[in-house]
Amino acid sequence: MADESKRCVICENIPLVTIHNPQEYFLCLDSFIRMVMHNDLEIVYQTCPLDKVYVDGKWYKRKIFHQFKCPACGSIYGMYCDVAEGGEIKMNDKVFIPEEYKNVSADT
């Protein structure tokens with residue numbers, strides 16, 4: 001399990017939270033987008049492009065996952081959201097590699 005006590009200055013700006021509704025998800029997503037644009041985070045895995053999550057009143061998919069890496073310390077963060085049930089942001093031990101899992105495709 002990832003060690004949350006070893007977060008760098010950049011990582012301190014990443015909320016480790018439970019996401020209860022789409023509004024909370026959009027707030028978190030906006031924060032991550034700004035951090036990526038400022039090179040404070042790097043996208044290492046995603047089930048959809050950040051700018052395609054919600055377009056013309058429609059979700060890209062019901063379940064959305066993005067994984068980010070802090071370029072300063074290498075910590076990995078996952079943001080998962082099921083638009084009907086909520087989600088969370090947490091630290092991950094490593095980058096998700098679909099090929100390591102049986103019966104999982106990269107677009108799952």
# chains A, B, ... in the order shown; residues from 1 in each chain; ligands from 1
$ residues_around --residues "Gln46 of chain A" --least-positions-apart "3" --cutoff "7 Å" --atoms "only C-alpha atoms" --output "compact mmCIF listing (two decimals) with C-alpha atoms, in the first residue's frame"
# COMPACT_ATOMS: atom_id res chain seq x y z
CA PRO A 49 -9.06 11.85 -22.44
CA PHE A 65 -10.39 6.17 -14.29
CA HIS A 66 -7.36 8.42 -14.55
CA GLN A 67 -3.95 7.81 -13.06
$ select_by_dssp --residues "chain A" --states "strand (DSSP E)" --output "VMD selection string"
chain A and resid 18 to 19 42 to 46 54 to 55 58 to 59 63 to 69 76 to 82 86 to 92
$ select_by_dssp --residues "chain A" --states "helix (DSSP H, G or I)" --output "list in words"
Cys11, Glu12, Asn13, Pro22, Gln23, Glu24, Tyr25, Phe26, Leu27, Cys28, Leu29, Asp30, Ser31, Phe32, Ile33, Arg34, Met35, Val36, Met37, Leu50, Asp51, Lys52, Pro98, Glu99 and Glu100 of chain A
$ closest_residue --among "A:Met91, A:Cys70, A:Val83, A:Ile97" --to "Lys58 of chain A" --atoms "only C-alpha atoms"
A:Val83
$ residues_around --residues "Val9 of chain A" --least-positions-apart "5" --cutoff "12 Å" --atoms "only C-alpha atoms" --output "list in words"
Ile14, Asp40, Cys70, Pro71, Ala72, Cys73 and Ser75 of chain A
$ write_last_selection --atoms "N, CA and C atoms" --output "compact mmCIF listing (two decimals), in the first residue's frame"
# COMPACT_ATOMS: atom_id res chain seq x y z
N ILE A 14 -2.85 17.58 -3.92
CA ILE A 14 -3.72 16.54 -4.46
C ILE A 14 -4.63 16.04 -3.34
N ASP A 40 2.64 19.90 -13.18
CA ASP A 40 2.75 19.42 -11.80
C ASP A 40 2.31 17.97 -11.68
N CYS A 70 3.33 12.18 -9.99
CA CYS A 70 3.98 13.42 -9.59
C CYS A 70 5.40 13.40 -10.18
N PRO A 71 5.76 14.39 -11.00
CA PRO A 71 7.10 14.40 -11.60
C PRO A 71 8.20 14.70 -10.58
N ALA A 72 7.83 15.29 -9.45
CA ALA A 72 8.83 15.64 -8.44
C ALA A 72 9.27 14.44 -7.60
N CYS A 73 8.30 13.63 -7.16
CA CYS A 73 8.65 12.53 -6.25
C CYS A 73 8.28 11.14 -6.79
N SER A 75 5.27 9.78 -6.95
CA SER A 75 4.06 9.18 -6.37
C SER A 75 2.99 9.04 -7.45
$ atom_distance --atom1 "atom CA of Ala84 of chain A" --atom2 "atom CA of Lys63 of chain A"
8.6 Å
$ atom_distance --atom1 "atom CA of Val55 of chain A" --atom2 "atom CA of Gly78 of chain A"
21.9 Å
$ closest_residue --among "A:Lys90, A:Phe68, A:Ile76, A:Lys6" --to "Asn39 of chain A" --atoms "only C-alpha atoms"
A:Phe68
$ closest_atom_pairs --of "segment 48-103 of chain A" --to "segment 21-35 of chain A" --cutoff "10 Å" --atoms "only C-alpha atoms" --output "tab-separated table"
residue	atom	partner	partner_atom	distance
A:Leu50	CA	A:Ile33	CA	7.2
A:Asp51	CA	A:Ile33	CA	8.8
A:Val53	CA	A:Leu29	CA	9.2
A:Tyr54	CA	A:Phe26	CA	9.4
A:His66	CA	A:Leu29	CA	9.5
A:Phe68	CA	A:Phe32	CA	8.6
A:Cys70	CA	A:Met35	CA	9.7
A:Met79	CA	A:Leu29	CA	8.6
A:Tyr80	CA	A:Tyr25	CA	9.1
A:Cys81	CA	A:Tyr25	CA	7.3
A:Asp82	CA	A:Pro22	CA	9.1
A:Val83	CA	A:Pro22	CA	6.3
A:Ala84	CA	A:Asn21	CA	7.9
A:Glu85	CA	A:Asn21	CA	7.4
A:Gly86	CA	A:Asn21	CA	5.5
A:Gly87	CA	A:Tyr25	CA	8.0
A:Glu88	CA	A:Tyr25	CA	8.7
A:Ile89	CA	A:Cys28	CA	8.7
$ atom_distance --atom1 "atom CA of Lys61 of chain A" --atom2 "atom CA of Leu16 of chain A"
22.7 Å
